[in-house]
Amino acid sequence: MSETSTPQAGGRPFGADDDWDTIDEAVRDQLGPLLTAGTNLLNGSDLMGRLDPLSLFSPLLRTGLAAAARPDKVAGVITRTGSEMLRATAAAAIRAAGGSPSYAPQRGKDRRFTDPAWTSNAGYWWLREIYHDWEQSLLEIIRDSETPPAVKQRAEFAVQLIIDALAPTNFPLGNPAVIKKALDTGGLSLAKGARNFVHDVRTNRGAPQQVVQGVHTVGEDMAVTPGKVVFRNDLMELIQYAPSTAQVHEIPLLFSPPWINKYYIMDLAPGRSLVQWAVDHGHTVFMISYRNPDERMRNVQMDDYLISGPIAALEVVRNITGAETVNLLGLCLGGTLTMATLAYLDAVGLELINSATFLNTLIDFSEPGLLGIFTDEASIRRLEKTMKRTGFLPKEDMQRSFNLLRTNDLIWNYAVSSWLMGEEPAAFDLLSWNNDSTRMPAEMHTFYLRSCYVENQLARGVMELAGERLDLAKVDQDLYFLSAEQDHIAPWKSSYAGARLPAGNVRFVLSNSGHIAGIVNPPSPKSIHRVLEGKKQLPADPAAWMAAATIHPVTWWEDWAEWIASRAGGMRKPPRMGNRKYRPIADAPGTYVLEA
């Protein structure tokens with residue numbers, strides 16, 4: 001019997017999404033005050049929401065009950081897993097005796113098990129194989145359950161979190177590298193690890209530190225491309241960067257960053273700055289720098305980000321440079337707003353954009369990856385209740401949610417190195433930027449999640465901003481879409497689907513690496529990108545595009561430099577920094593980026 005056919009009092013079948021959401025809400029309402037009462041753990045308030053920030057209780061319960069209703073399936077999985085474990089045990093015994101067993105299961109690469117002991121030592125080899133067998137059996141039970149696909153995905157994610165947390169590498173005796181380090185240091189590494197653990201519990205909400213605090217400073221070794229703040233309103237500052245070439249292109253370039261994190265991911269450090277790359281290639285570059293919202297911005301909406309962000313910036317850029325049109329570049333959420341800007345300007349009959357570049361951007365949210373699993377209507381309602389008290393989503397909540405999407409890389413990797421091996425976090429500029437997260441205004445955030453992730457309004461042509469309906473079919477500028485092959489925030493195939501919606505000529509480029517490292521991608525021997533040359537239309541199937549695309553062993557920065565140069569007009573003398581109407585206010589990086 002499936003979970004949707006269980007009778008309920010009153011004659012209505014039990015098991016609809018609303019029923020489970022009601023149970024989840026009831027559990028949170030009852031347990032939340034009990035867990036919070038008398039404790040300051042994790043800074044107190046809404047502890048239930050902090051313990052279950054992605055609302056995984058309900059899908060786990062549903063999937064568990066569905067699996068229990070089919071004991072024959074579960075028994076079959078357990079039997080097969082037991083057989084595999086017996087084979088692994090026999091193979092380990094042969095290895096211990098110096099033999100070479102024929103049993104050698106094919107496993108994908110897992111960076112947690114790179115120490116030679118996991119291959120050379122029979123005991124550790126057996127532990128690794130048993131762990132993987134156990135992992136596959138649990139996931140198979142989840143995948144075979146009779147639950148809706150979205151529920152199954154969320155339950156699988158929850159189980160994977162548990163599996164990752166219980167990996168043998170996360171425990172001293174289960175990690176040969178930890179034991180070796182302890183022996184080499186006479187136990188000092190374990191003592192330092194214990195100290196790090198206590199420190200993180202007291203100062204970092206129990207999470208391991210990812211980066212050394214205070215090593216990198218905005219304006220000193222990050223976000224250091226010379227420039228001036230030439231405009232400021234209540235939402236953003238506009239930076240104009242100083243030219244580094246004798247001549248510049250006629251058409252200026254405006255960067256539209258996301259406001260989930262701060263803008264300087266695109267101006268990270270010398271040699272790793274896309275801003276400096278563009279300036280050195282003869283572009284007059286402007287950057288929007290959003291302020292960090294607080295409770296006073298609780299009613300700020302997406303409309304405000306459109307009008308007081310890119311639309312306001314475009315007016316200033318055109319006034320300072322004298323250019324009729326501007327090239328626009330958007331990253332992530334800033335890219336989504338960039339597409340909304342293009343459609344809005346079309347709706348009001350203004351021709352202000354010459355071309356647009358989209359970096360790791362979702363336009364079509366029909367398949368948004370892991371983030372979409374946790375942005376259903378029920379989750380958004382719970383989030384609304386949380387944000388109602390403060391007027392914003394705390395930056396710690398946003399950062400924790402993103403960390404949970406990649407626990408092995410962003411949590412357990414640092415737990416092992418810091419808590420078990422006593423090592424200090426690395427001084428890495430990317431992680432310093434990642435740790436410098438921002439809050440999200442309540443009104444804007446719920447509109448964004450609901451309109452994009454739940455209703456996919458922008459792709460469907462039904463989103464309305466500032467009183468105008470946004471129709472992507474009317475966007476006819478030349479567009480450049482950059483995606484990253486390992487991007488877990490904006491999956492490349494979903495970004496590809498969005499690239500097919502506008503009417504303009506689109507160049508779609510696929511980089512290696514992930515969501516952030518795919519952007520900070522200066523020339524390097526490891527850099528590659530793929531592009532389908534000579535095609536104006538993108539094939540419907542992204543796999544067909546991938547099969548036909550050409551691989552180039554250079555960073556996409558090189559490809560984009562040629563593309564944008566051909567759309568930036570002729571050369572001219574660099575414009576002044578600001579003008580009489582928009583006089584320079586402060587040196588870059590300005591003041592908003594420094595707000596904690």
# chains A, B, ... in the order shown; residues from 1 in each chain; ligands from 1

$ select_by_dssp --residues "region 67-117 of chain A" --states "helix (DSSP H, G or I)" --output "ChimeraX atom specification"
/A:67-68,71-96,111-113,117

$ write_last_selection --atoms "N, CA and C atoms" --output "mmCIF file, in the first residue's frame"
data_model
loop_
_atom_site.group_PDB
_atom_site.id
_atom_site.type_symbol
_atom_site.label_atom_id
_atom_site.label_comp_id
_atom_site.auth_asym_id
_atom_site.auth_seq_id
_atom_site.Cartn_x
_atom_site.Cartn_y
_atom_site.Cartn_z
ATOM 1 N N ALA A 67 9.180 3.107 3.171
ATOM 2 C CA ALA A 67 10.080 1.955 3.092
ATOM 3 C C ALA A 67 9.612 0.840 4.015
ATOM 4 N N ALA A 68 9.131 1.222 5.206
ATOM 5 C CA ALA A 68 8.661 0.216 6.157
ATOM 6 C C ALA A 68 7.431 -0.519 5.649
ATOM 7 N N PRO A 71 8.508 -4.226 3.321
ATOM 8 C CA PRO A 71 9.622 -4.934 3.973
ATOM 9 C C PRO A 71 10.358 -5.885 3.037
ATOM 10 N N ASP A 72 9.672 -6.406 2.013
ATOM 11 C CA ASP A 72 10.334 -7.312 1.078
ATOM 12 C C ASP A 72 11.448 -6.592 0.314
ATOM 13 N N LYS A 73 11.186 -5.352 -0.089
ATOM 14 C CA LYS A 73 12.204 -4.573 -0.802
ATOM 15 C C LYS A 73 13.398 -4.293 0.107
ATOM 16 N N VAL A 74 13.107 -3.891 1.332
ATOM 17 C CA VAL A 74 14.180 -3.588 2.279
ATOM 18 C C VAL A 74 14.997 -4.839 2.570
ATOM 19 N N ALA A 75 14.308 -5.969 2.746
ATOM 20 C CA ALA A 75 15.007 -7.221 3.024
ATOM 21 C C ALA A 75 15.922 -7.608 1.862
ATOM 22 N N GLY A 76 15.454 -7.370 0.636
ATOM 23 C CA GLY A 76 16.282 -7.687 -0.528
ATOM 24 C C GLY A 76 17.552 -6.865 -0.561
ATOM 25 N N VAL A 77 17.429 -5.582 -0.240
ATOM 26 C CA VAL A 77 18.605 -4.712 -0.228
ATOM 27 C C VAL A 77 19.575 -5.145 0.871
ATOM 28 N N ILE A 78 19.043 -5.444 2.045
ATOM 29 C CA ILE A 78 19.894 -5.858 3.167
ATOM 30 C C ILE A 78 20.623 -7.165 2.849
ATOM 31 N N THR A 79 19.918 -8.088 2.197
ATOM 32 C CA THR A 79 20.533 -9.370 1.832
ATOM 33 C C THR A 79 21.691 -9.160 0.866
ATOM 34 N N ARG A 80 21.466 -8.328 -0.170
ATOM 35 C CA ARG A 80 22.530 -8.070 -1.145
ATOM 36 C C ARG A 80 23.710 -7.358 -0.492
ATOM 37 N N THR A 81 23.400 -6.424 0.384
ATOM 38 C CA THR A 81 24.475 -5.698 1.062
ATOM 39 C C THR A 81 25.274 -6.629 1.969
ATOM 40 N N GLY A 82 24.564 -7.515 2.683
ATOM 41 C CA GLY A 82 25.256 -8.477 3.532
ATOM 42 C C GLY A 82 26.183 -9.361 2.734
ATOM 43 N N SER A 83 25.741 -9.766 1.554
ATOM 44 C CA SER A 83 26.581 -10.587 0.688
ATOM 45 C C SER A 83 27.846 -9.832 0.276
ATOM 46 N N GLU A 84 27.684 -8.546 -0.095
ATOM 47 C CA GLU A 84 28.840 -7.735 -0.482
ATOM 48 C C GLU A 84 29.805 -7.563 0.691
ATOM 49 N N MET A 85 29.272 -7.387 1.877
ATOM 50 C CA MET A 85 30.121 -7.225 3.053
ATOM 51 C C MET A 85 30.901 -8.500 3.358
ATOM 52 N N LEU A 86 30.264 -9.636 3.164
ATOM 53 C CA LEU A 86 30.963 -10.908 3.370
ATOM 54 C C LEU A 86 32.094 -11.071 2.368
ATOM 55 N N ARG A 87 31.827 -10.698 1.115
ATOM 56 C CA ARG A 87 32.875 -10.776 0.091
ATOM 57 C C ARG A 87 34.031 -9.841 0.432
ATOM 58 N N ALA A 88 33.697 -8.629 0.909
ATOM 59 C CA ALA A 88 34.746 -7.682 1.276
ATOM 60 C C ALA A 88 35.560 -8.198 2.459
ATOM 61 N N THR A 89 34.885 -8.854 3.419
ATOM 62 C CA THR A 89 35.579 -9.399 4.591
ATOM 63 C C THR A 89 36.540 -10.511 4.184
ATOM 64 N N ALA A 90 36.069 -11.394 3.286
ATOM 65 C CA ALA A 90 36.929 -12.481 2.805
ATOM 66 C C ALA A 90 38.127 -11.917 2.043
ATOM 67 N N ALA A 91 37.876 -10.894 1.220
ATOM 68 C CA ALA A 91 38.965 -10.286 0.448
ATOM 69 C C ALA A 91 39.973 -9.616 1.378
ATOM 70 N N ALA A 92 39.480 -8.990 2.446
ATOM 71 C CA ALA A 92 40.388 -8.345 3.395
ATOM 72 C C ALA A 92 41.257 -9.371 4.101
ATOM 73 N N ALA A 93 40.672 -10.531 4.427
ATOM 74 C CA ALA A 93 41.448 -11.586 5.074
ATOM 75 C C ALA A 93 42.561 -12.074 4.160
ATOM 76 N N ILE A 94 42.238 -12.233 2.879
ATOM 77 C CA ILE A 94 43.260 -12.660 1.907
ATOM 78 C C ILE A 94 44.356 -11.608 1.805
ATOM 79 N N ARG A 95 43.968 -10.335 1.783
ATOM 80 C CA ARG A 95 44.948 -9.256 1.732
ATOM 81 C C ARG A 95 45.858 -9.293 2.955
ATOM 82 N N ALA A 96 45.265 -9.507 4.129
ATOM 83 C CA ALA A 96 46.047 -9.542 5.367
ATOM 84 C C ALA A 96 47.059 -10.680 5.356
ATOM 85 N N ARG A 111 38.109 11.845 -2.285
ATOM 86 C CA ARG A 111 39.294 12.497 -1.711
ATOM 87 C C ARG A 111 39.478 12.186 -0.230
ATOM 88 N N ARG A 112 38.444 11.702 0.425
ATOM 89 C CA ARG A 112 38.591 11.360 1.841
ATOM 90 C C ARG A 112 39.486 10.147 2.037
ATOM 91 N N PHE A 113 39.608 9.307 1.001
ATOM 92 C CA PHE A 113 40.320 8.031 1.144
ATOM 93 C C PHE A 113 41.577 7.992 0.267
ATOM 94 N N ALA A 117 47.255 4.174 3.124
ATOM 95 C CA ALA A 117 46.832 3.112 4.034
ATOM 96 C C ALA A 117 45.472 2.534 3.647
#

$ residues_around --residues "region 455-462 of chain A" --least-positions-apart "5" --cutoff "7 Å" --atoms "only C-alpha atoms" --output "ChimeraX atom specification"
/A:363-366,450,469-472

$ residues_around --residues "Asn413 (chain A)" --least-positions-apart "5" --cutoff "9 Å" --atoms "only C-alpha atoms" --output "short mmCIF file (atom, residue, chain, number, x, y, z; two decimals) with C-alpha atoms, in the first residue's frame"
data_model
loop_
_atom_site.label_atom_id
_atom_site.label_comp_id
_atom_site.auth_asym_id
_atom_site.auth_seq_id
_atom_site.Cartn_x
_atom_site.Cartn_y
_atom_site.Cartn_z
CA ARG A 112 38.59 11.36 1.84
CA ASN A 170 35.77 11.77 10.66
CA THR A 407 29.45 18.95 3.71
CA ASN A 408 32.51 16.89 2.83
CA SER A 418 41.36 21.29 12.57
#

$ closest_residue --among "A:Ser256, A:Gln247, A:Ser401, A:Ser273" --to "Gly335 (chain A)" --atoms "only C-alpha atoms"
A:Ser256

$ residues_around --residues "Tyr480 (chain A)" --least-positions-apart "4" --cutoff "6 Å" --atoms "only C-alpha atoms" --output "list in words"
Thr357, Val506 and Arg507 of chain A

$ select_by_dssp --residues "region 299-394 of chain A" --states "strand (DSSP E or B)" --output "PDB file with N, CA and C atoms, in the first residue's frame"
ATOM      1  N   VAL A 326      25.341  50.571 -22.769  1.00  0.00           N
ATOM      2  CA  VAL A 326      26.312  49.996 -21.833  1.00  0.00           C
ATOM      3  C   VAL A 326      26.325  48.488 -22.001  1.00  0.00           C
ATOM      4  N   ASN A 327      27.486  47.874 -21.870  1.00  0.00           N
ATOM      5  CA  ASN A 327      27.577  46.417 -21.776  1.00  0.00           C
ATOM      6  C   ASN A 327      27.394  46.023 -20.315  1.00  0.00           C
ATOM      7  N   LEU A 328      26.556  45.028 -20.068  1.00  0.00           N
ATOM      8  CA  LEU A 328      26.189  44.640 -18.713  1.00  0.00           C
ATOM      9  C   LEU A 328      26.668  43.229 -18.431  1.00  0.00           C
ATOM     10  N   LEU A 329      27.246  43.008 -17.250  1.00  0.00           N
ATOM     11  CA  LEU A 329      27.720  41.685 -16.843  1.00  0.00           C
ATOM     12  C   LEU A 329      27.123  41.347 -15.485  1.00  0.00           C
ATOM     13  N   GLY A 330      26.445  40.187 -15.391  1.00  0.00           N
ATOM     14  CA  GLY A 330      25.825  39.775 -14.138  1.00  0.00           C
ATOM     15  C   GLY A 330      26.311  38.416 -13.690  1.00  0.00           C
ATOM     16  N   LEU A 331      26.453  38.268 -12.368  1.00  0.00           N
ATOM     17  CA  LEU A 331      26.910  37.012 -11.775  1.00  0.00           C
ATOM     18  C   LEU A 331      25.831  36.442 -10.874  1.00  0.00           C
ATOM     19  N   ILE A 353      21.065  48.873 -23.207  1.00  0.00           N
ATOM     20  CA  ILE A 353      22.018  47.759 -23.090  1.00  0.00           C
ATOM     21  C   ILE A 353      22.480  47.341 -24.479  1.00  0.00           C
ATOM     22  N   ASN A 354      23.787  47.301 -24.666  1.00  0.00           N
ATOM     23  CA  ASN A 354      24.350  46.862 -25.941  1.00  0.00           C
ATOM     24  C   ASN A 354      24.502  45.346 -25.991  1.00  0.00           C
ATOM     25  N   SER A 355      25.068  44.750 -24.945  1.00  0.00           N
ATOM     26  CA  SER A 355      25.221  43.296 -24.837  1.00  0.00           C
ATOM     27  C   SER A 355      25.207  42.938 -23.364  1.00  0.00           C
ATOM     28  N   ALA A 356      25.044  41.652 -23.077  1.00  0.00           N
ATOM     29  CA  ALA A 356      25.025  41.220 -21.678  1.00  0.00           C
ATOM     30  C   ALA A 356      25.779  39.912 -21.534  1.00  0.00           C
ATOM     31  N   THR A 357      26.467  39.792 -20.397  1.00  0.00           N
ATOM     32  CA  THR A 357      27.209  38.588 -20.035  1.00  0.00           C
ATOM     33  C   THR A 357      26.610  38.014 -18.756  1.00  0.00           C
ATOM     34  N   PHE A 358      26.430  36.697 -18.742  1.00  0.00           N
ATOM     35  CA  PHE A 358      25.848  36.025 -17.581  1.00  0.00           C
ATOM     36  C   PHE A 358      26.823  34.967 -17.084  1.00  0.00           C
ATOM     37  N   LEU A 359      27.243  35.099 -15.834  1.00  0.00           N
ATOM     38  CA  LEU A 359      28.199  34.168 -15.249  1.00  0.00           C
ATOM     39  C   LEU A 359      27.500  33.282 -14.231  1.00  0.00           C
ATOM     40  N   PHE A 392      15.053  40.163   8.144  1.00  0.00           N
ATOM     41  CA  PHE A 392      16.074  39.697   7.208  1.00  0.00           C
ATOM     42  C   PHE A 392      16.430  38.251   7.520  1.00  0.00           C
ATOM     43  N   LEU A 393      17.074  37.614   6.557  1.00  0.00           N
ATOM     44  CA  LEU A 393      17.637  36.290   6.775  1.00  0.00           C
ATOM     45  C   LEU A 393      19.066  36.462   7.268  1.00  0.00           C
TER      46      LEU A 393
END

$ residues_around --residues "Leu127 (chain A)" --least-positions-apart "2" --cutoff "10 Å" --atoms "only C-alpha atoms" --output "list in words"
Ala88, Thr89, Ala92, Trp118, Ala122, Gly123, Tyr124, Trp125, Glu129, Ile130, Tyr131, His132, Asp133, Ala167, Pro168 and Gly174 of chain A

$ atom_distance --atom1 "CA of Ser495 (chain A)" --atom2 "CA of Tyr305 (chain A)"
21.9 Å

$ atom_distance --atom1 "CA of Leu371 (chain A)" --atom2 "CA of Pro502 (chain A)"
23.9 Å
